[in-house]
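A short write-up of the structure that comes next.
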Amino acid sequence: MLKVDKIDVYYGKVQALFQVSLEVGENEIVSIIGANGAGY
């Protein structure tokens, strides 16, 4: 199980993520891909 709660990410002064919350249930497969396709 993966649970991430309220992530804030900044690249310098630019906020890329604002209070993101993720939860993955049992037997689920999740992939997070960035804008350039390189992943997270």
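Chain labels follow the order of the structure tokens: the first chain is A, the next B, and so on; residue numbering restarts at 1 in every chain, and ligands are counted from 1 in their shown order.
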
* Asked: Could you write out, as a PyMOL selection string, all the residues of chain A that DSSP marks as strand (DSSP E or B)?
  -> chain A and resi 2-11+14-24

CA of Lys3 (chain A) sits from CA of Gln15 (chain A) at a separation of 21.3 Å

Next item on the list: Could you please determine the separation between CA of Asp5 (chain A) and CA of Val20 (chain A) in Å, to one decimal place?
Entry: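 So the answer is 6.5 Å.
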
Restricting to only C-alpha atoms, whichever of A:Tyr10, A:Leu2, A:Ala16, A:Leu22 is closest to Gly34 (chain A) is A:Ala16

CA of Asn27 (chain A) sits from CA of Ile7 (chain A) at a separation of 23.6 Å
